[in-house]
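First up is the structure itself, then whatever we jot down about it.
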2 protein chains.
Amino acid sequence: MNKATNLPITGVYCAATTPVDANGKVRLDLFAEHCKLLLQEGAHGIALLGTTGEANNYSGAERRALLEAAIESGVNGNQLLPGTSACSVPETVELTRHAVENGARACVLLPPFYYKGVSDEGIYRFYANVINQVNDARLKVILYHIPQVTQISLSHDLIRRLIKEFPNTIIGIKDSAGDIKHMESLVNTFDNFSVFAGADPLLKPILEAGGAGCITATSNLRSDALRTVFDNWSDPNAKDIVENAQEHINAWRELTNSYVQLPTVKAMVAHSRGNLDWLNARPPLVSLTEAECKIIWKKMDELSA
Amino acid sequence: MNKATNLPITGVYCAATTPVDANGKVRLDLFAEHCKLLLQEGAHGIALLGTTGEANNYSGAERRALLEAAIESGVNGNQLLPGTSACSVPETVELTRHAVENGARACVLLPPFYYKGVSDEGIYRFYANVINQVNDARLKVILYHIPQVTQISLSHDLIRRLIKEFPNTIIGIKDSAGDIKHMESLVNTFDNFSVFAGADPLLKPILEAGGAGCITATSNLRSDALRTVFDNWSDPNAKDIVENAQEHINAWRELTNSYVQLPTVKAMVAHSRGNLDWLNARPPLVSLTEAECKIIWKKMDELSA
């Protein structure tokens, strides 16, 4: 029932959002501070530069600087799961190698996402090229399945082939498709493979199914509650505590969907961290209006009361 | 009827494919040679690093090197329409500025394509940020509408706003959606705005509708026939010549769709240029098999006979 103890990696990881100032310049200091606070609040680590982290809105140089800023501020490399994919193999190799050399626990790798309708063979070659060119035994890869954004699906056949070819490298998957049945199928098909839910409401369900934990957006706000679920879900005496925590998470998650999710998460972090620079987003994302912020912030205050 | 004479830019532009060797290394020499031959064969210019050119499979450094290789081989900058978009504003600015500084006639700019369901406001900000940050009066932009790949549509409202804000910069659009009605609507809505068909069979129709010409894949193989259509479409005495040329183009275009289009175009260029390095593609694209090549090459020989 509980496979979790045997998994390569488990925990609550925050898909940290990335702050920029009003001119769009990355706020490295604010980002590093956020990472440290998230760890204090209960996150096991930071999955920086994912979809919530707007990875693809930043240059390679900015992405490397963000990872370095987190580490320089005192976050341990083994607490970091950076997203290091770009559309091209050489840029993905460069970002991935940099993350490995900085001690990242694992890299979360999107498939290339420009071309649609590509074959499993083509996606396989992308991952195989990246792993072979990084050529470092320290590299651990968490695949990133988010077909509603990439329009590229990571099939069971593809995952099986990657695990077979790179058994010491491919350690898990972030499944952001939002379908618990798909996650359960991954858990049941692949041994010694960490399946992370990409949606906060699925933390308890994925743990019950033998999954590894979560990599989610709402952890920018409620890492504490997510950690409560993670630490107590299997304790029969903590049933109420776990259910209350999961319900609390779900309410916060629902709030992040009030408007376009990413700028809404940023507006919420602006309120919880007390710094309006968190409001800013890079194009093609657009910050919430002042009126929208007021509505969200009021609801946050009500949820916190 | 014929608006073409008043348009900012017109012609037959080749969406040149990009050669790599068996190890995936860019063949700059082969690319430059191909560009020069395309101009001899009839193309007015080269729209390098588009979808057919696999732009997003290459790093920024590789993309800059390809542009420089074409210029160093003797192609004039004003014959080049490079694709210079990346998902992020800073990388797009870097590539676009480089192209402008190398004298490119115009840059073909995809919208950012990672996030889906983004607002016109967000896409507008992407383009506006890029144009303002490049901050060079020499910059001319051709918008790139290819929603079946990007999943992002460039609406008339967005185009209107961009033209209004940047009247000396936004000079046209490459419409690769394949719908002549949409292209006609663009021609009829926007004055002094060059509408290029992204599909070879639509060259004659778009010219008849008052469009600017084409930026297409089949021109890697049949720039001569495309040029015949472009030069003669409005001459009542050349009706048969034009129709035969367009039918010939259509037959070649149909052949490029025998398998996945981009690797098929590469296999066909390998045959027409007599160099098997053209077969190679970067992941997630996969080269045609030997058996597939034999079938395609036989059909090419038949079409050429």
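Numbering starts fresh at 1 for the residues of each chain in the structure tokens, the chains themselves are lettered A, B, ... in the order given, and ligands are numbered from 1 as they appear.
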
Taking only C-alpha atoms into account, which residues of chain A are within 10 Å of chain B, as a VMD selection string?
chain A and resid 24 51 54 to 62 86 to 92 94 111 to 129 148 to 151 260 281 to 287

Per DSSP on the backbone, what are the helix (DSSP H, G or I) residues of stretch 51-237 of chain B, as a PyMOL selection string?
chain B and resi 55-57+60-72+77-79+89-101+120-134+147-150+156-165+180-189+200-208+219-232+236-237

What gap, in Å, lies between atom CA of B:Ala197 and atom CA of B:Glu302?
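Atom CA of B:Glu302 lies at a distance of 27.2 Å from atom CA of B:Ala197.
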
With a distance cut-off of 9 Å and only C-alpha atoms, select the neighbouring residues of A:Gly42, excluding the residue or stretch itself and same-chain residues fewer than 6 positions from it, and output the selection as an MDAnalysis selection string.
chainID A and resid 12 222:228

With C-alpha atoms retained, write the just-selected residues as an mmCIF file, in the first residue's frame.
data_model
loop_
_atom_site.group_PDB
_atom_site.id
_atom_site.type_symbol
_atom_site.label_atom_id
_atom_site.label_comp_id
_atom_site.auth_asym_id
_atom_site.auth_seq_id
_atom_site.Cartn_x
_atom_site.Cartn_y
_atom_site.Cartn_z
ATOM 1 C CA VAL A 12 6.283 18.415 -0.729
ATOM 2 C CA ARG A 222 0.249 26.854 2.107
ATOM 3 C CA SER A 223 3.386 24.712 2.372
ATOM 4 C CA ASP A 224 2.468 24.263 6.032
ATOM 5 C CA ALA A 225 -0.819 22.501 5.307
ATOM 6 C CA LEU A 226 0.687 20.401 2.506
ATOM 7 C CA ARG A 227 3.390 19.262 4.906
ATOM 8 C CA THR A 228 0.750 18.338 7.483
#

My list of candidates is B:Lys204, B:His182, B:His271, B:Lys266. Which is closest to B:Asn250 when distances are computed with only C-alpha atoms?
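Nearest to B:Asn250: B:Lys204.
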
Enter the distance from atom CA of B:Ala212 to atom CA of B:Phe196, in Å, rounded to one decimal.
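Between these atoms lies a distance of 5.4 Å.
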
Please return, as a VMD selection string, all residues of stretch 1-234 of chain B that DSSP assigns to strand (DSSP E) on the basis of the backbone.
chain B and resid 11 to 14 45 to 46 107 to 109 141 to 145 170 to 175 194 to 197 213 to 216

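Rounded to one decimal, atom CA of A:Ser258 and atom CA of A:Tyr13 lie 22.9 Å from each other.
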
Non-local contacts of stretch 161-175 of chain A (10 Å; only C-alpha atoms; under 4 positions in same chain excluded) as a PyMOL selection string
chain A and resi 7-10+106-110+120-121+124-125+127-128+131-132+136-147+154-157+179-180+182-183+186-187+190-199+211-216

Could you dump the residues just selected with C-alpha atoms as a PDB file, in the first residue's frame?
ATOM      1  CA  LEU A   7      10.892   5.684  -3.641  1.00  0.00           C
ATOM      2  CA  PRO A   8      13.960   7.572  -4.916  1.00  0.00           C
ATOM      3  CA  ILE A   9      12.527  10.916  -3.804  1.00  0.00           C
ATOM      4  CA  THR A  10       9.457  11.964  -1.844  1.00  0.00           C
ATOM      5  CA  ALA A 106      17.105  16.439  -9.659  1.00  0.00           C
ATOM      6  CA  CYS A 107      16.096  18.307 -12.804  1.00  0.00           C
ATOM      7  CA  VAL A 108      12.461  18.487 -13.914  1.00  0.00           C
ATOM      8  CA  LEU A 109      12.469  18.097 -17.689  1.00  0.00           C
ATOM      9  CA  LEU A 110       9.642  19.149 -19.979  1.00  0.00           C
ATOM     10  CA  ASP A 120       7.624   8.974 -29.036  1.00  0.00           C
ATOM     11  CA  GLU A 121      10.874   8.238 -30.868  1.00  0.00           C
ATOM     12  CA  TYR A 124      12.907   9.812 -26.575  1.00  0.00           C
ATOM     13  CA  ARG A 125      15.814  11.182 -28.605  1.00  0.00           C
ATOM     14  CA  TYR A 127      15.725  13.129 -23.477  1.00  0.00           C
ATOM     15  CA  ALA A 128      18.437  10.634 -24.491  1.00  0.00           C
ATOM     16  CA  ILE A 131      21.190  12.834 -20.666  1.00  0.00           C
ATOM     17  CA  ASN A 132      24.053  11.565 -22.814  1.00  0.00           C
ATOM     18  CA  ASP A 136      27.206  13.141 -15.410  1.00  0.00           C
ATOM     19  CA  ALA A 137      26.270  10.301 -13.051  1.00  0.00           C
ATOM     20  CA  ARG A 138      24.931  12.869 -10.581  1.00  0.00           C
ATOM     21  CA  LEU A 139      22.124  13.818 -12.960  1.00  0.00           C
ATOM     22  CA  LYS A 140      18.685  12.676 -11.801  1.00  0.00           C
ATOM     23  CA  VAL A 141      15.680  13.424 -13.995  1.00  0.00           C
ATOM     24  CA  ILE A 142      12.035  13.953 -13.069  1.00  0.00           C
ATOM     25  CA  LEU A 143       9.948  13.862 -16.266  1.00  0.00           C
ATOM     26  CA  TYR A 144       7.316  16.566 -16.583  1.00  0.00           C
ATOM     27  CA  HIS A 145       3.914  15.575 -17.968  1.00  0.00           C
ATOM     28  CA  ILE A 146       1.680  18.623 -18.540  1.00  0.00           C
ATOM     29  CA  PRO A 147      -0.061  17.922 -21.853  1.00  0.00           C
ATOM     30  CA  LEU A 154       4.562  11.346 -22.184  1.00  0.00           C
ATOM     31  CA  SER A 155       3.299   7.838 -22.906  1.00  0.00           C
ATOM     32  CA  HIS A 156       3.855   4.794 -20.725  1.00  0.00           C
ATOM     33  CA  ASP A 157       5.885   3.248 -23.574  1.00  0.00           C
ATOM     34  CA  ASP A 179      -6.102  12.960 -13.512  1.00  0.00           C
ATOM     35  CA  ILE A 180      -5.569  10.748 -10.448  1.00  0.00           C
ATOM     36  CA  HIS A 182      -3.308   8.446 -14.769  1.00  0.00           C
ATOM     37  CA  MET A 183      -1.084   8.989 -11.725  1.00  0.00           C
ATOM     38  CA  LEU A 186       2.087   5.385 -13.364  1.00  0.00           C
ATOM     39  CA  VAL A 187       2.537   4.275  -9.740  1.00  0.00           C
ATOM     40  CA  PHE A 190       6.759   1.586 -12.734  1.00  0.00           C
ATOM     41  CA  ASP A 191       8.723   0.392  -9.716  1.00  0.00           C
ATOM     42  CA  ASN A 192      11.127   2.583  -7.810  1.00  0.00           C
ATOM     43  CA  PHE A 193       9.709   5.601  -9.638  1.00  0.00           C
ATOM     44  CA  SER A 194       8.477   8.726  -7.834  1.00  0.00           C
ATOM     45  CA  VAL A 195       5.127  10.023  -9.048  1.00  0.00           C
ATOM     46  CA  PHE A 196       4.437  13.599  -7.963  1.00  0.00           C
ATOM     47  CA  ALA A 197       0.990  15.148  -8.239  1.00  0.00           C
ATOM     48  CA  GLY A 198       1.085  18.531  -9.919  1.00  0.00           C
ATOM     49  CA  ALA A 199      -2.240  19.580  -8.419  1.00  0.00           C
ATOM     50  CA  GLY A 211       2.922   8.185  -4.979  1.00  0.00           C
ATOM     51  CA  ALA A 212       5.797  10.388  -3.852  1.00  0.00           C
ATOM     52  CA  GLY A 213       4.187  13.692  -2.948  1.00  0.00           C
ATOM     53  CA  CYS A 214       3.537  16.901  -4.825  1.00  0.00           C
ATOM     54  CA  ILE A 215       5.096  19.705  -6.815  1.00  0.00           C
ATOM     55  CA  THR A 216       2.454  22.420  -6.775  1.00  0.00           C
TER      56      THR A 216
END

Determine the nearest neighbour of B:Pro19 from the options B:Glu184, B:Asp277, B:Asp240, B:Asp235, counting only C-alpha atoms.
B:Asp277

A:Thr18: which residues within 12 Å, counting only C-alpha atoms, same-chain residues fewer than 6 positions away excluded, as a PyMOL selection string?
chain A and resi 24-35+46-58+62-63+65-67+69-70+217+220+262-263+265-267+269-270+277-282
